[in-house]
file input.txt (compact mmCIF, C-alpha atoms)
# COMPACT_ATOMS: atom_id res chain seq x y z
CA MET A 1 -19.95 12.74 1.93
CA ALA A 2 -18.40 10.82 -0.99
CA LYS A 3 -14.62 10.96 -1.27
CA ARG A 4 -12.17 10.80 -4.16
CA ILE A 5 -9.65 8.14 -3.22
CA VAL A 6 -6.40 7.33 -5.04
CA ILE A 7 -5.06 3.82 -4.39
CA THR A 8 -1.69 2.60 -5.68
CA GLY A 9 -1.14 -1.09 -6.34
CA ALA A 10 -4.90 -1.35 -6.88
CA GLY A 11 -4.89 -4.22 -9.35
CA VAL A 12 -4.56 -7.02 -6.81
CA GLY A 13 -4.64 -7.86 -3.12
CA LEU A 14 -5.37 -5.21 -0.51
CA GLY A 15 -5.52 -2.38 -3.05
CA ARG A 16 -8.19 -4.15 -5.07
CA ARG A 17 -10.25 -5.03 -1.99
CA LEU A 18 -10.17 -1.43 -0.75
CA ALA A 19 -11.20 -0.14 -4.17
CA LEU A 20 -14.19 -2.48 -4.27
CA ARG A 21 -15.24 -1.56 -0.73
CA PHE A 22 -14.94 2.21 -1.13
CA ALA A 23 -16.77 2.20 -4.46
CA ALA A 24 -19.56 0.10 -2.93
CA ASP A 25 -19.81 2.73 -0.18
CA GLY A 26 -20.35 5.45 -2.78
CA ASP A 27 -16.83 6.86 -3.08
CA THR A 28 -14.96 7.48 -6.34
CA VAL A 29 -11.76 5.45 -6.65
CA ILE A 30 -8.75 6.22 -8.85
CA LEU A 31 -6.80 3.01 -9.36
CA LEU A 32 -3.07 3.13 -10.09
CA GLY A 33 -1.11 0.03 -11.02
CA ARG A 34 2.04 -0.95 -12.83
CA THR A 35 0.08 -3.36 -15.03
CA GLY A 36 -2.66 -1.44 -16.79
CA ALA A 37 -4.75 -4.52 -17.58
CA LYS A 38 -5.09 -5.39 -13.89
CA VAL A 39 -6.37 -2.00 -12.73
CA GLU A 40 -8.59 -1.76 -15.79
CA ALA A 41 -10.15 -5.11 -14.85
CA VAL A 42 -10.88 -3.85 -11.33
CA ALA A 43 -12.33 -0.63 -12.74
CA ALA A 44 -14.56 -2.71 -15.00
CA GLU A 45 -15.81 -4.61 -11.95
CA ILE A 46 -16.67 -1.34 -10.24
CA GLY A 47 -18.13 0.65 -13.10
CA GLU A 48 -18.60 4.42 -13.30
CA ARG A 49 -17.17 5.14 -9.83
CA ALA A 50 -13.69 3.99 -10.92
CA MET A 51 -10.86 5.44 -13.00
CA ALA A 52 -7.89 3.23 -13.90
CA LEU A 53 -4.42 4.49 -14.78
CA GLU A 54 -1.25 2.58 -15.56
CA CYS A 55 1.44 3.94 -13.24
CA ASP A 56 4.81 2.67 -12.07
CA VAL A 57 5.24 4.42 -8.72
CA SER A 58 9.00 3.88 -8.83
CA SER A 59 9.18 6.28 -11.79
CA PRO A 60 8.76 9.99 -10.99
CA GLN A 61 7.68 10.72 -14.56
CA SER A 62 5.09 7.94 -14.53
CA VAL A 63 3.69 9.34 -11.29
CA ARG A 64 3.61 12.89 -12.67
CA SER A 65 1.77 11.69 -15.77
CA ALA A 66 -0.78 9.74 -13.73
CA PHE A 67 -1.57 12.67 -11.44
CA ALA A 68 -1.78 15.04 -14.40
CA ALA A 69 -4.44 12.73 -15.83
CA ILE A 70 -6.23 12.71 -12.47
CA ALA A 71 -6.17 16.52 -12.37
CA GLU A 72 -7.83 16.67 -15.79
CA ARG A 73 -10.85 14.86 -14.38
CA PHE A 74 -10.94 15.87 -10.71
CA ASP A 75 -10.26 19.21 -9.08
CA ALA A 76 -9.16 17.64 -5.78
CA ILE A 77 -8.15 14.41 -4.04
CA ASP A 78 -9.47 13.53 -0.58
CA VAL A 79 -7.44 10.41 0.18
CA LEU A 80 -4.20 8.85 -1.09
CA ILE A 81 -3.42 5.27 -0.07
CA ASN A 82 0.19 4.34 -0.84
CA ASN A 83 -0.23 0.59 -1.06
CA ALA A 84 2.00 -0.49 -3.98
CA ALA A 85 5.05 -2.49 -2.88
CA LEU A 86 7.44 -5.23 -3.93
CA PHE A 87 7.58 -8.19 -1.56
CA GLU A 88 10.32 -10.58 -2.63
CA PRO A 89 12.64 -12.67 -0.42
CA PHE A 90 16.36 -12.74 -1.23
CA LYS A 91 19.67 -12.54 0.63
CA LEU A 92 21.37 -9.19 0.27
CA ALA A 93 24.73 -10.72 -0.67
CA ALA A 94 23.12 -12.50 -3.61
CA ALA A 95 20.83 -9.65 -4.67
CA SER A 96 21.08 -8.04 -8.08
CA ASP A 97 21.28 -4.27 -8.52
CA GLU A 98 17.77 -4.40 -9.97
CA GLN A 99 16.32 -6.21 -6.93
CA ILE A 100 17.76 -3.68 -4.49
CA LEU A 101 16.84 -0.63 -6.56
CA ALA A 102 13.35 -1.90 -7.36
CA GLY A 103 12.64 -2.62 -3.69
CA ILE A 104 13.73 0.82 -2.53
CA THR A 105 12.33 2.89 -5.40
CA THR A 106 8.94 1.16 -5.31
CA ASN A 107 8.49 0.79 -1.55
CA VAL A 108 10.07 4.05 -0.36
CA CYS A 109 10.34 6.47 -3.28
CA GLY A 110 6.91 5.44 -4.58
CA PRO A 111 5.00 6.84 -1.57
CA MET A 112 7.19 9.95 -1.70
CA PHE A 113 6.61 10.54 -5.42
CA CYS A 114 2.86 9.96 -5.11
CA SER A 115 2.50 12.12 -1.99
CA ARG A 116 4.45 14.93 -3.67
CA SER A 117 2.04 14.90 -6.62
CA ALA A 118 -1.09 14.48 -4.49
CA ILE A 119 -0.48 17.20 -1.88
CA PRO A 120 -1.10 20.17 -4.25
CA MET A 121 -4.51 18.59 -5.01
CA MET A 122 -5.40 18.18 -1.33
CA ALA A 123 -7.25 20.56 0.98
CA ARG A 124 -7.66 20.70 4.74
CA GLY A 125 -9.18 17.42 5.91
CA ALA A 126 -7.46 15.28 3.26
CA HIS A 127 -5.61 12.13 4.29
CA ILE A 128 -2.50 10.23 3.18
CA ILE A 129 -2.25 6.60 4.31
CA ASN A 130 1.03 4.70 3.93
CA ILE A 131 1.03 0.91 4.19
CA SER A 132 3.74 -0.64 6.35
CA SER A 133 4.36 -4.21 7.49
CA GLU A 134 4.62 -6.13 10.76
CA SER A 135 7.67 -7.86 9.25
CA ILE A 136 9.70 -4.88 10.53
CA SER A 137 9.55 -6.35 14.02
CA LEU A 138 9.73 -10.05 13.08
CA PRO A 139 12.91 -12.16 12.71
CA LEU A 140 12.06 -13.19 9.15
CA PRO A 141 14.98 -14.16 6.88
CA HIS A 142 15.67 -12.91 3.35
CA PHE A 143 13.62 -9.72 3.71
CA THR A 144 16.30 -7.19 4.61
CA ILE A 145 15.39 -4.81 1.78
CA TYR A 146 11.63 -5.12 2.28
CA GLN A 147 11.81 -4.72 6.07
CA SER A 148 14.17 -1.75 5.77
CA SER A 149 11.96 -0.11 3.17
CA LYS A 150 8.86 -0.45 5.35
CA ALA A 151 10.71 0.97 8.36
CA ALA A 152 11.59 3.93 6.14
CA VAL A 153 7.92 4.31 5.19
CA GLU A 154 6.97 4.61 8.86
CA THR A 155 9.59 7.29 9.43
CA PHE A 156 8.46 9.07 6.27
CA SER A 157 4.87 9.04 7.53
CA GLU A 158 5.86 10.52 10.89
CA LYS A 159 7.88 13.34 9.35
CA LEU A 160 5.35 14.07 6.62
CA ALA A 161 2.57 14.29 9.22
CA SER A 162 4.53 16.99 11.01
CA GLU A 163 5.16 18.85 7.74
CA LEU A 164 1.50 18.78 6.71
CA GLU A 165 -0.10 19.44 10.09
CA PRO A 166 -0.35 23.22 9.50
CA GLU A 167 -2.25 22.49 6.27
CA GLY A 168 -4.71 20.20 8.01
CA ILE A 169 -3.73 17.12 5.98
CA ARG A 170 -3.50 13.93 8.05
CA VAL A 171 -0.89 11.21 7.50
CA THR A 172 -1.23 7.72 8.91
CA ALA A 173 1.04 4.68 8.73
CA VAL A 174 -0.82 1.37 8.86
CA ARG A 175 1.35 -1.58 9.84
CA CYS A 176 -0.38 -4.63 8.39
CA GLY A 177 0.08 -8.28 9.27
CA LYS A 178 0.23 -11.25 6.95
CA MET A 179 -2.70 -11.29 4.52
CA TYR A 180 -3.91 -13.34 1.58
CA GLU A 181 -6.88 -13.79 -0.70
CA GLU A 182 -8.63 -17.08 -1.34
CA GLY A 183 -7.40 -18.64 -4.56
CA LYS A 184 -4.29 -16.44 -4.82
CA GLN A 185 -0.70 -17.66 -4.54
CA TRP A 186 2.56 -15.98 -3.60
CA ASP A 187 3.95 -15.00 -6.99
CA ILE A 188 7.70 -15.42 -6.53
CA PRO A 189 10.29 -17.82 -8.03
CA ARG A 190 9.97 -21.33 -6.59
CA GLU A 191 13.65 -21.43 -5.60
CA ALA A 192 13.30 -18.23 -3.58
CA ALA A 193 10.21 -19.55 -1.80
CA ILE A 194 11.97 -22.80 -0.90
CA ALA A 195 15.09 -21.01 0.40
CA PHE A 196 12.93 -18.67 2.48
CA HIS A 197 10.95 -21.55 4.00
CA GLU A 198 14.09 -23.56 4.80
CA GLU A 199 15.74 -20.60 6.53
CA CYS A 200 12.57 -19.90 8.51
CA MET A 201 12.52 -23.48 9.77
CA LYS A 202 16.17 -23.20 10.83
CA ARG A 203 15.16 -20.19 12.95
CA GLY A 204 12.27 -22.06 14.51
CA ILE A 205 9.64 -20.24 12.45
CA ASN A 206 7.10 -22.34 10.57
CA PRO A 207 5.43 -20.03 8.00
CA ARG A 208 2.52 -22.45 7.66
CA GLU A 209 1.71 -22.08 11.36
CA GLN A 210 1.71 -18.27 11.45
CA PRO A 211 -1.63 -16.45 11.76
CA ILE A 212 -2.92 -14.96 8.53
CA SER A 213 -5.87 -12.73 7.69
CA GLN A 214 -7.85 -12.04 4.54
CA PHE A 215 -7.39 -8.83 2.57
CA SER A 216 -11.13 -8.33 2.89
CA SER A 217 -10.83 -8.39 6.70
CA MET A 218 -8.87 -5.13 6.59
CA GLU A 219 -11.50 -3.07 4.78
CA SER A 220 -13.26 -1.71 7.86
CA ILE A 221 -10.00 -0.41 9.35
CA PHE A 222 -9.38 1.82 6.34
CA ARG A 223 -13.03 2.85 6.20
CA THR A 224 -12.78 4.00 9.80
CA LEU A 225 -9.52 5.84 9.16
CA ILE A 226 -10.75 7.94 6.26
CA ASP A 227 -14.01 8.73 8.08
CA LEU A 228 -12.37 10.03 11.28
CA PRO A 229 -13.88 13.20 12.73
CA ALA A 230 -11.93 16.36 11.95
CA ASP A 231 -10.67 16.65 15.53
CA VAL A 232 -9.16 13.14 15.62
CA HIS A 233 -5.89 11.90 14.12
CA LEU A 234 -4.38 8.42 14.23
CA ASP A 235 -0.76 8.69 13.17
CA PHE A 236 0.00 4.97 13.50
CA VAL A 237 -2.18 1.86 13.37
CA SER A 238 -1.02 -1.74 13.78
CA ALA A 239 -3.38 -4.39 12.44
CA CYS A 240 -1.88 -7.85 12.78
CA ALA A 241 -3.33 -11.22 11.84
CA ARG A 242 -4.60 -13.51 14.59
CA TYR A 243 -5.91 -17.05 14.89
CA PRO A 244 -9.73 -17.14 14.76
CA GLN A 245 -11.31 -17.99 18.10
call {"tool": "encode", "arguments": {"input": "input.txt", "output": "structure tokens"}}
result
Amino acid sequence: MAKRIVITGAGVGLGRRLALRFAADGDTVILLGRTGAKVEAVAAEIGERAMALECDVSSPQSVRSAFAAIAERFDAIDVLINNAALFEPFKLAAASDEQILAGITTNVCGPMFCSRSAIPMMARGAHIINISSESISLPLPHFTIYQSSKAAVETFSEKLASELEPEGIRVTAVRCGKMYEEGKQWDIPREAAIAFHEECMKRGINPREQPISQFSSMESIFRTLIDLPADVHLDFVSACARYPQ
């Protein structure tokens, strides 16, 4: 049965790949993104099965407005995938107020704001999926805010799952490994990238030698999750990159 799936951060990367996959499978996808032109471009690729909305998940009013627009077109949501996140390396002591606040409000408050707006539109059998990161357990430098925010997302998922269990709404945290897309580059200031790489090398970590997967390689995991039988629940999934054999 076709599902109505809301994906945040759907203009690029994993969010875009999931939108393309689900639409190809016959689902309807609602694409949320901070940059309207990006999600509109993805919606144009997909066609009639897609709806694009500009939405900054760090803003509660922006989220309210986006979900009000969704409610005007759809009477219910089957799946919410909280994918939008900021991924920027910096040392805490040198961080600006904006960097700290943006990291926390986007990565932690964003899933909370979106879940709060989605839940009233969800019925028994609906599913909320929150994207986490394997960086939580890795000794990577300059990612204190990002790693802390993703640890908070996992705790949020656990507690929200307990809260929503009586309503029959599932919540899953998916801890993803390092991913990329052919032709795409890490869009951060050059100085920050150099400082991150140098500190990694000091710690004996060579980023160029770490396993990495494609965004497209993750599609089937999410397909399986949202198609789980009603009597099965996966509260936590870890999907890390590996070297091809």
call {"tool": "atom_distance", "arguments": {"input": "input.txt", "atom1": "CA of Glu88 in chain A", "atom2": "CA of Ile212 in chain A"}}
result
17.9 Å
call {"tool": "closest_atom_pairs", "arguments": {"input": "input.txt", "of": "range 89-189 of chain A", "to": "range 36-57 of chain A", "cutoff": "10 Å", "atoms": "all atoms listed in the file", "output": "tab-separated table"}}
result
residue	atom	partner	partner_atom	distance
A:Thr105	CA	A:Val57	CA	8.0
A:Thr106	CA	A:Val57	CA	6.0
A:Asn107	CA	A:Val57	CA	8.7
A:Val108	CA	A:Val57	CA	9.7
A:Cys109	CA	A:Val57	CA	7.7
A:Gly110	CA	A:Val57	CA	4.6
A:Pro111	CA	A:Val57	CA	7.6
A:Met112	CA	A:Val57	CA	9.1
A:Phe113	CA	A:Val57	CA	7.1
A:Cys114	CA	A:Val57	CA	7.0
call {"tool": "atom_distance", "arguments": {"input": "input.txt", "atom1": "CA of Phe215 in chain A", "atom2": "CA of Leu14 in chain A"}}
result
5.2 Å
call {"tool": "closest_residue", "arguments": {"input": "input.txt", "among": "A:Ile70, A:Lys91, A:Glu154, A:Arg170", "to": "Ala195 in chain A", "atoms": "only C-alpha atoms"}}
result
A:Lys91
call {"tool": "residues_around", "arguments": {"input": "input.txt", "residues": "Leu18 in chain A", "least_positions_apart": "6", "cutoff": "9 Å", "atoms": "only C-alpha atoms", "output": "count of residues only"}}
result
8
call {"tool": "closest_residue", "arguments": {"input": "input.txt", "among": "A:Ile169, A:Ala85, A:Cys240, A:Ile188", "to": "His127 in chain A", "atoms": "only C-alpha atoms"}}
result
A:Ile169
call {"tool": "closest_residue", "arguments": {"input": "input.txt", "among": "A:Arg175, A:Lys3, A:Arg34, A:His142", "to": "Ala19 in chain A", "atoms": "all atoms listed in the file"}}
result
A:Lys3
call {"tool": "decode", "arguments": {"input": "input.txt", "residues": "range 98-141 of chain A", "atoms": "N, CA and C atoms", "output": "JSON list (two decimals), in the first residue's frame"}}
result
[["chain", "number", "residue", "atom", "x", "y", "z"],
["A", 98, "GLU", "N", 26.40, 31.40, 16.87],
["A", 98, "GLU", "CA", 25.57, 30.92, 15.77],
["A", 98, "GLU", "C", 25.87, 29.46, 15.43],
["A", 99, "GLN", "N", 27.15, 29.08, 15.45],
["A", 99, "GLN", "CA", 27.51, 27.70, 15.13],
["A", 99, "GLN", "C", 26.95, 26.71, 16.16],
["A", 100, "ILE", "N", 27.05, 27.09, 17.43],
["A", 100, "ILE", "CA", 26.54, 26.20, 18.48],
["A", 100, "ILE", "C", 25.02, 26.12, 18.41],
["A", 101, "LEU", "N", 24.37, 27.28, 18.33],
["A", 101, "LEU", "CA", 22.90, 27.28, 18.31],
["A", 101, "LEU", "C", 22.35, 26.60, 17.06],
["A", 102, "ALA", "N", 22.97, 26.84, 15.91],
["A", 102, "ALA", "CA", 22.49, 26.23, 14.67],
["A", 102, "ALA", "C", 22.63, 24.71, 14.74],
["A", 103, "GLY", "N", 23.75, 24.22, 15.29],
["A", 103, "GLY", "CA", 23.94, 22.78, 15.39],
["A", 103, "GLY", "C", 22.91, 22.12, 16.28],
["A", 104, "ILE", "N", 22.61, 22.73, 17.41],
["A", 104, "ILE", "CA", 21.66, 22.14, 18.34],
["A", 104, "ILE", "C", 20.21, 22.31, 17.87],
["A", 105, "THR", "N", 19.86, 23.50, 17.40],
["A", 105, "THR", "CA", 18.47, 23.71, 17.00],
["A", 105, "THR", "C", 18.11, 22.91, 15.75],
["A", 106, "THR", "N", 19.04, 22.77, 14.82],
["A", 106, "THR", "CA", 18.76, 21.98, 13.61],
["A", 106, "THR", "C", 18.78, 20.49, 13.91],
["A", 107, "ASN", "N", 19.83, 20.02, 14.57],
["A", 107, "ASN", "CA", 20.03, 18.58, 14.73],
["A", 107, "ASN", "C", 19.18, 17.96, 15.84],
["A", 108, "VAL", "N", 18.86, 18.73, 16.87],
["A", 108, "VAL", "CA", 18.10, 18.18, 18.00],
["A", 108, "VAL", "C", 16.67, 18.74, 18.03],
["A", 109, "CYS", "N", 16.56, 20.05, 18.02],
["A", 109, "CYS", "CA", 15.21, 20.64, 18.07],
["A", 109, "CYS", "C", 14.43, 20.35, 16.79],
["A", 110, "GLY", "N", 15.13, 20.29, 15.65],
["A", 110, "GLY", "CA", 14.46, 20.03, 14.38],
["A", 110, "GLY", "C", 13.63, 18.75, 14.41],
["A", 111, "PRO", "N", 14.21, 17.60, 14.78],
["A", 111, "PRO", "CA", 13.41, 16.38, 14.88],
["A", 111, "PRO", "C", 12.27, 16.50, 15.90],
["A", 112, "MET", "N", 12.50, 17.25, 16.96],
["A", 112, "MET", "CA", 11.44, 17.43, 17.96],
["A", 112, "MET", "C", 10.30, 18.27, 17.41],
["A", 113, "PHE", "N", 10.64, 19.39, 16.75],
["A", 113, "PHE", "CA", 9.60, 20.25, 16.17],
["A", 113, "PHE", "C", 8.80, 19.49, 15.12],
["A", 114, "CYS", "N", 9.50, 18.77, 14.24],
["A", 114, "CYS", "CA", 8.82, 18.06, 13.16],
["A", 114, "CYS", "C", 7.97, 16.92, 13.69],
["A", 115, "SER", "N", 8.49, 16.18, 14.67],
["A", 115, "SER", "CA", 7.70, 15.09, 15.25],
["A", 115, "SER", "C", 6.46, 15.62, 15.93],
["A", 116, "ARG", "N", 6.60, 16.74, 16.65],
["A", 116, "ARG", "CA", 5.46, 17.35, 17.34],
["A", 116, "ARG", "C", 4.35, 17.69, 16.35],
["A", 117, "SER", "N", 4.73, 18.23, 15.19],
["A", 117, "SER", "CA", 3.72, 18.60, 14.19],
["A", 117, "SER", "C", 3.18, 17.39, 13.44],
["A", 118, "ALA", "N", 3.99, 16.35, 13.28],
["A", 118, "ALA", "CA", 3.56, 15.18, 12.51],
["A", 118, "ALA", "C", 2.64, 14.26, 13.30],
["A", 119, "ILE", "N", 2.89, 14.10, 14.59],
["A", 119, "ILE", "CA", 2.16, 13.11, 15.40],
["A", 119, "ILE", "C", 0.64, 13.27, 15.31],
["A", 120, "PRO", "N", 0.08, 14.49, 15.39],
["A", 120, "PRO", "CA", -1.38, 14.61, 15.27],
["A", 120, "PRO", "C", -1.92, 14.14, 13.92],
["A", 121, "MET", "N", -1.06, 14.03, 12.91],
["A", 121, "MET", "CA", -1.48, 13.57, 11.59],
["A", 121, "MET", "C", -1.20, 12.08, 11.37],
["A", 122, "MET", "N", -0.74, 11.41, 12.42],
["A", 122, "MET", "CA", -0.36, 10.00, 12.31],
["A", 122, "MET", "C", -1.37, 9.10, 13.01],
["A", 123, "ALA", "N", -1.58, 7.93, 12.42],
["A", 123, "ALA", "CA", -2.47, 6.93, 13.01],
["A", 123, "ALA", "C", -1.65, 5.70, 13.40],
["A", 124, "ARG", "N", -2.28, 4.75, 14.03],
["A", 124, "ARG", "CA", -1.63, 3.50, 14.39],
["A", 124, "ARG", "C", -0.96, 2.89, 13.16],
["A", 125, "GLY", "N", 0.28, 2.48, 13.31],
["A", 125, "GLY", "CA", 1.04, 1.93, 12.20],
["A", 125, "GLY", "C", 1.99, 2.92, 11.55],
["A", 126, "ALA", "N", 1.88, 4.20, 11.91],
["A", 126, "ALA", "CA", 2.78, 5.22, 11.36],
["A", 126, "ALA", "C", 4.18, 5.05, 11.96],
["A", 127, "HIS", "N", 5.15, 5.76, 11.38],
["A", 127, "HIS", "CA", 6.55, 5.51, 11.76],
["A", 127, "HIS", "C", 7.34, 6.81, 11.69],
["A", 128, "ILE", "N", 8.10, 7.09, 12.75],
["A", 128, "ILE", "CA", 9.04, 8.21, 12.78],
["A", 128, "ILE", "C", 10.45, 7.62, 12.78],
["A", 129, "ILE", "N", 11.28, 8.09, 11.86],
["A", 129, "ILE", "CA", 12.67, 7.61, 11.76],
["A", 129, "ILE", "C", 13.60, 8.80, 11.93],
["A", 130, "ASN", "N", 14.48, 8.71, 12.92],
["A", 130, "ASN", "CA", 15.44, 9.77, 13.22],
["A", 130, "ASN", "C", 16.84, 9.32, 12.83],
["A", 131, "ILE", "N", 17.53, 10.15, 12.04],
["A", 131, "ILE", "CA", 18.86, 9.79, 11.56],
["A", 131, "ILE", "C", 19.92, 10.20, 12.57],
["A", 132, "SER", "N", 20.73, 9.23, 12.96],
["A", 132, "SER", "CA", 21.86, 9.47, 13.86],
["A", 132, "SER", "C", 23.16, 9.22, 13.09],
["A", 133, "SER", "N", 24.27, 9.16, 13.81],
["A", 133, "SER", "CA", 25.58, 9.06, 13.15],
["A", 133, "SER", "C", 26.53, 8.18, 13.95],
["A", 134, "GLU", "N", 27.32, 7.38, 13.22],
["A", 134, "GLU", "CA", 28.32, 6.54, 13.87],
["A", 134, "GLU", "C", 29.43, 7.38, 14.52],
["A", 135, "SER", "N", 29.49, 8.67, 14.18],
["A", 135, "SER", "CA", 30.53, 9.53, 14.75],
["A", 135, "SER", "C", 30.41, 9.62, 16.26],
["A", 136, "ILE", "N", 29.22, 9.30, 16.80],
["A", 136, "ILE", "CA", 29.04, 9.30, 18.26],
["A", 136, "ILE", "C", 30.09, 8.44, 18.95],
["A", 137, "SER", "N", 30.41, 7.31, 18.34],
["A", 137, "SER", "CA", 31.31, 6.35, 18.97],
["A", 137, "SER", "C", 32.73, 6.40, 18.43],
["A", 138, "LEU", "N", 33.03, 7.39, 17.57],
["A", 138, "LEU", "CA", 34.36, 7.48, 16.97],
["A", 138, "LEU", "C", 35.13, 8.66, 17.58],
["A", 139, "PRO", "N", 36.47, 8.52, 17.68],
["A", 139, "PRO", "CA", 37.28, 9.60, 18.26],
["A", 139, "PRO", "C", 37.61, 10.71, 17.27],
["A", 140, "LEU", "N", 36.60, 11.20, 16.57],
["A", 140, "LEU", "CA", 36.83, 12.25, 15.58],
["A", 140, "LEU", "C", 36.98, 13.61, 16.26],
["A", 141, "PRO", "N", 37.91, 14.43, 15.80],
["A", 141, "PRO", "CA", 38.09, 15.76, 16.38],
["A", 141, "PRO", "C", 37.13, 16.77, 15.77]]
